[in-house]
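Student: Sharing a structure, written as structure tokens. Questions coming.
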Amino acid sequence: MKFETRWPPVPAGILIGVSMLLAFVVAGRGIGASGAMTRLVAWVQHGLFPTATEQSVYFGKYFVDGAHPLNDYVVFLLVGLLIGAFVAAWRSGELRLEVLRGPNITNRNRLVLALVGGVISGFAARLARGCTSGQGLVGGAELSVGAWAFLICVFIGGWLVAWFVRKQWI
Amino acid sequence: MNLWLAIPIGIVFGYALFHAGFTDSRRIAWAFYFKDVGVPVVMFSAIVTGMVGLWGLSLVGLLDISLVYMLPTYLLPMAVGGVLFGVGMVIGGYCPGTAIAAVATGKIDGMVFIGGFLIGSLVFGDFFPVWGDFYNSDYLGAFRLDQWLGIGLGPMVLIIVIVAVVGTISMIFVQDFVWGEKDTVTKSRPFMKLQGALIAFAIVIGIIFAFFPTESFIDDTVETPFYIVPKADMTSTGL
């Protein structure tokens with residue numbers, strides 16, 4: 001990647017921090033990605049099984065008083081995220097369909113592992129009440145004890161299994 | 001608030017994620033092998049920026065901290081969730097925000113990861129009664145590191161800045177030590193000069209914070225119970 005495309009990590013991180021700060025000032029809360037996806041599955045399931053979803057202990061809160069689960073700050077933020085990444089990639093000429101993987105794994109196996117990792121992360125993000133951004137970065141900036149515990153544990157978890165999936169990446 | 005204001009915020013976030021190189025799953029996963037330490041360095045920088053901005057703006061009176069939603073701590077569920085999340089991250093190569101950004105740039109593995117992520121969220125929600133008690137356990141409220149350590153907020157900010165700076169420099173050192181200096185782009189002179197200047201700036205701000213009287217503006221009695229499933233709901237299901 002060229003200099004213009006791959007920024008050094010410190011200024012890139014600062015710009016992410018600035019987006020978080022904008023969110024604090026404008027919305028009174030931080031940035032996040034996983035909350036919008038929970039709302040998306042709640043909405044889809046509601047389309048299929050409306051009564052069961054409204055009575056669900058976990059998803060029910062999104063439908064209180066006829067609320068629409070997608071009419072929320074986190075969903076609009078996610079739309080912005082898609083636009084921002086698309087524009088940045090398009091301007092850098094990096095927009096193309098591809099499977100990213102290490103040199104020692106087939107495309108099919110990479111996609112299987114992507115799915116498995118996705119399922120585990122999806123479950124874990126709900127258990128931890130947020131993901132890297134919504135819990136880790138925002139909570140980290142707010143000096144939350146739980147968020148720092150989460151961040152440290154993310155790296156512990158990653159290192160625990162890194163050896164077993166090394167062929168996927170290196 | 002007007003929800004449409006969230007769109008430009010998301011655009012900045014997505015734009016930065018792309019330029020951090022995080023639409024590429026390998027760059028994220030390599031963090032766990034110290035082959036590319038961009039992930040922890042970006043996270044440190046983002047946290048320091050957000051932290052200094054959040055507390056700094058409240059100190060100068062531009063931001064009412066009591067209106068900002070403070071994330072509550074459920075220590076054990078968050079720690080267990082963190083370990084699982086890290087496992088998912090090194091297997092899948094993404095976290096949710098970066099995967100969404102990767103989808104926008106056409107990465108097929110990112111799309112599959114998001115598919116899995118949606119399934120995982122659905123399983124959590126639909127079988128919530130199974131782990132609901134654990135999810136709501138070990139509740140400590142909005143509990144900050146400075147309260148936990150019994151020190152002032154200002155010194156805590158300085159400590160985090162120091163942790164971030166030492167973490168960043170040692171991560172880069174470990175990467176060089178384990179893998180050699182192969183990453184020529186991020187080691188180029190303009191890169192290092194720019195980052196060195198920014199790090200020095202962060203240290204100066206952290207030191208200013210440490211000597212600022214911060215006790216006056218925080219009301220620790222206020223807590224906003226956003227997104228918390230009330231305990232009453234648990235009992236209504238007979239659990």
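The chains in the structure tokens are called A, B, ... from first to last as shown; in each chain the residues are counted from 1, and the ligands are counted from 1 in the order shown.
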Could you pull out the strand (DSSP E or B) residues of segment 2-227 of chain B from DSSP and send them as a ChimeraX atom specification?

Tutor: /B:73-74,107,139-141,144

Student: Determine, counting only C-alpha atoms, which protein, DNA and RNA residues have an atom within 9 Å of an atom of Tyr139 of chain B; residues of the same chain fewer than 2 positions away are not included. Present the result as an MDAnalysis selection string.

Tutor: chainID B and resid 72:76 136:137 141

Student: Contacts of Glu94 of chain A at 9 Å or less, counting only C-alpha atoms, minus same-chain residues fewer than 2 places along, as an MDAnalysis selection string?

Tutor: (chainID A and resid 5 88:92 96) or (chainID B and resid 105:106)

Student: For a quick check of understanding, using only C-alpha atoms, which of A:Gly13, A:Pro50, A:Ala36, A:Ser56 has the smallest distance to chain B?

Tutor: A:Gly13

Student: Name the residues of chain A that fall into alpha helix (DSSP H) according to DSSP on the backbone, using the chain letters and numbers of this document, as number ranges by chain.

Tutor: A: 9-27, 34-48, 50-55, 73-91, 107-127, 138-141, 145-162, 166-169

Student: Write a file of the selected residues as a tab-separated table (two decimals), in the first residue's frame, keeping C-alpha atoms.

Tutor:
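Result file is out.tsv:
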chain	number	residue	atom	x	y	z
A	9	PRO	CA	-1.28	4.05	12.93
A	10	VAL	CA	-1.07	7.02	15.31
A	11	PRO	CA	-2.79	9.63	13.08
A	12	ALA	CA	-5.29	6.98	11.91
A	13	GLY	CA	-6.12	6.23	15.53
A	14	ILE	CA	-6.42	9.93	16.32
A	15	LEU	CA	-9.01	10.35	13.53
A	16	ILE	CA	-11.01	7.44	14.99
A	17	GLY	CA	-10.72	9.18	18.36
A	18	VAL	CA	-11.99	12.39	16.78
A	19	SER	CA	-15.06	10.59	15.41
A	20	MET	CA	-15.67	9.24	18.92
A	21	LEU	CA	-15.30	12.73	20.38
A	22	LEU	CA	-17.76	14.13	17.82
A	23	ALA	CA	-20.19	11.44	18.92
A	24	PHE	CA	-19.72	12.36	22.61
A	25	VAL	CA	-20.43	16.03	21.86
A	26	VAL	CA	-23.28	15.58	19.38
A	27	ALA	CA	-25.00	12.45	20.68
A	34	SER	CA	-22.32	-4.26	17.04
A	35	GLY	CA	-25.46	-2.61	18.48
A	36	ALA	CA	-26.75	-1.83	15.00
A	37	MET	CA	-26.31	-5.46	13.99
A	38	THR	CA	-28.28	-6.67	16.99
A	39	ARG	CA	-31.05	-4.31	15.95
A	40	LEU	CA	-30.84	-5.66	12.41
A	41	VAL	CA	-31.36	-9.28	13.49
A	42	ALA	CA	-34.14	-8.17	15.85
A	43	TRP	CA	-35.85	-6.43	12.93
A	44	VAL	CA	-35.50	-9.41	10.58
A	45	GLN	CA	-36.74	-11.85	13.20
A	46	HIS	CA	-39.63	-9.52	13.98
A	47	GLY	CA	-40.64	-9.69	10.31
A	48	LEU	CA	-40.82	-13.48	10.56
A	50	PRO	CA	-43.51	-10.66	15.36
A	51	THR	CA	-45.13	-11.83	18.59
A	52	ALA	CA	-42.27	-14.03	19.76
A	53	THR	CA	-39.73	-11.27	19.10
A	54	GLU	CA	-41.75	-8.64	20.94
A	55	GLN	CA	-42.02	-10.99	23.91
A	73	TYR	CA	-28.51	6.41	16.42
A	74	VAL	CA	-26.30	3.30	16.09
A	75	VAL	CA	-27.97	2.28	12.81
A	76	PHE	CA	-27.41	5.70	11.24
A	77	LEU	CA	-23.82	5.56	12.46
A	78	LEU	CA	-23.38	2.21	10.70
A	79	VAL	CA	-24.70	3.65	7.43
A	80	GLY	CA	-22.15	6.44	7.75
A	81	LEU	CA	-19.41	3.89	8.41
A	82	LEU	CA	-20.28	2.05	5.19
A	83	ILE	CA	-20.21	5.31	3.20
A	84	GLY	CA	-16.95	6.48	4.78
A	85	ALA	CA	-15.08	3.24	4.12
A	86	PHE	CA	-16.50	3.02	0.58
A	87	VAL	CA	-15.46	6.56	-0.33
A	88	ALA	CA	-11.97	6.11	1.17
A	89	ALA	CA	-11.41	2.84	-0.72
A	90	TRP	CA	-12.81	4.26	-3.95
A	91	ARG	CA	-10.57	7.33	-3.80
A	107	ASN	CA	-10.31	-19.36	-0.14
A	108	ARG	CA	-12.93	-21.87	0.99
A	109	ASN	CA	-11.26	-22.59	4.32
A	110	ARG	CA	-10.69	-18.89	4.91
A	111	LEU	CA	-14.40	-18.24	4.43
A	112	VAL	CA	-15.33	-21.10	6.77
A	113	LEU	CA	-13.08	-19.62	9.47
A	114	ALA	CA	-14.47	-16.13	8.81
A	115	LEU	CA	-17.95	-17.50	9.48
A	116	VAL	CA	-16.88	-19.34	12.64
A	117	GLY	CA	-15.04	-16.29	13.94
A	118	GLY	CA	-18.06	-14.14	13.14
A	119	VAL	CA	-20.43	-16.34	15.12
A	120	ILE	CA	-18.11	-16.38	18.15
A	121	SER	CA	-17.56	-12.60	18.00
A	122	GLY	CA	-21.26	-11.93	17.57
A	123	PHE	CA	-22.09	-13.89	20.67
A	124	ALA	CA	-19.17	-12.42	22.62
A	125	ALA	CA	-20.03	-8.83	21.69
A	126	ARG	CA	-23.51	-9.23	23.12
A	127	LEU	CA	-22.20	-10.83	26.30
A	138	VAL	CA	-15.50	4.30	24.10
A	139	GLY	CA	-15.27	2.61	27.49
A	140	GLY	CA	-11.50	2.96	27.35
A	141	ALA	CA	-11.83	6.71	26.86
A	145	VAL	CA	-13.09	-0.61	34.52
A	146	GLY	CA	-15.22	-3.11	32.55
A	147	ALA	CA	-14.02	-1.78	29.21
A	148	TRP	CA	-10.35	-2.07	30.17
A	149	ALA	CA	-10.95	-5.59	31.45
A	150	PHE	CA	-12.65	-6.35	28.12
A	151	LEU	CA	-9.73	-4.95	26.09
A	152	ILE	CA	-7.09	-6.87	28.02
A	153	CYS	CA	-9.15	-10.06	27.73
A	154	VAL	CA	-9.56	-9.59	23.96
A	155	PHE	CA	-5.80	-9.80	23.55
A	156	ILE	CA	-5.54	-12.72	25.98
A	157	GLY	CA	-8.23	-14.60	24.01
A	158	GLY	CA	-6.57	-13.80	20.70
A	159	TRP	CA	-3.15	-14.96	21.85
A	160	LEU	CA	-4.61	-18.15	23.32
A	161	VAL	CA	-5.77	-19.41	19.93
A	162	ALA	CA	-3.38	-17.55	17.59
A	166	ARG	CA	-1.54	-19.42	12.25
A	167	LYS	CA	-1.74	-21.15	8.86
A	168	GLN	CA	-4.61	-18.88	8.01
A	169	TRP	CA	-2.53	-15.74	8.37

Student: Using only C-alpha atoms, determine which residues lie at most 7 Å from segment 57-71 of chain B, disregarding the query and same-chain residues fewer than 5 positions distant; provide the list as a ChimeraX atom specification.

Tutor: /A:24-25,28-29,139,142,144 /B:142,222,224

Student: Only C-alpha atoms, please: the residues just picked out, written as a short mmCIF file (atom, residue, chain, number, x, y, z; two decimals), in the first residue's frame.

Tutor:
data_model
loop_
_atom_site.label_atom_id
_atom_site.label_comp_id
_atom_site.auth_asym_id
_atom_site.auth_seq_id
_atom_site.Cartn_x
_atom_site.Cartn_y
_atom_site.Cartn_z
CA PHE A 24 -19.72 12.36 22.61
CA VAL A 25 -20.43 16.03 21.86
CA GLY A 28 -23.84 12.16 24.29
CA ARG A 29 -22.59 8.66 23.58
CA GLY A 139 -15.27 2.61 27.49
CA GLU A 142 -14.42 6.90 29.63
CA SER A 144 -14.48 2.30 32.51
CA ALA B 142 -20.39 3.18 35.92
CA VAL B 222 -25.54 10.15 38.17
CA THR B 224 -27.82 6.56 32.85
#

Student: In Å to one decimal, how far is atom CA of Arg129 of chain A from atom CA of Ser45 of chain B?

Tutor: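 Interatomic distance, atom CA of Ser45 of chain B to atom CA of Arg129 of chain A: 22.4 Å.
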
Student: Restricting the calculation to only C-alpha atoms: of A:Trp7, A:Ile31, A:Glu98, A:Asn71, which residue gets closest to Gly130 of chain A?

Tutor: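 Closest candidate: A:Ile31.
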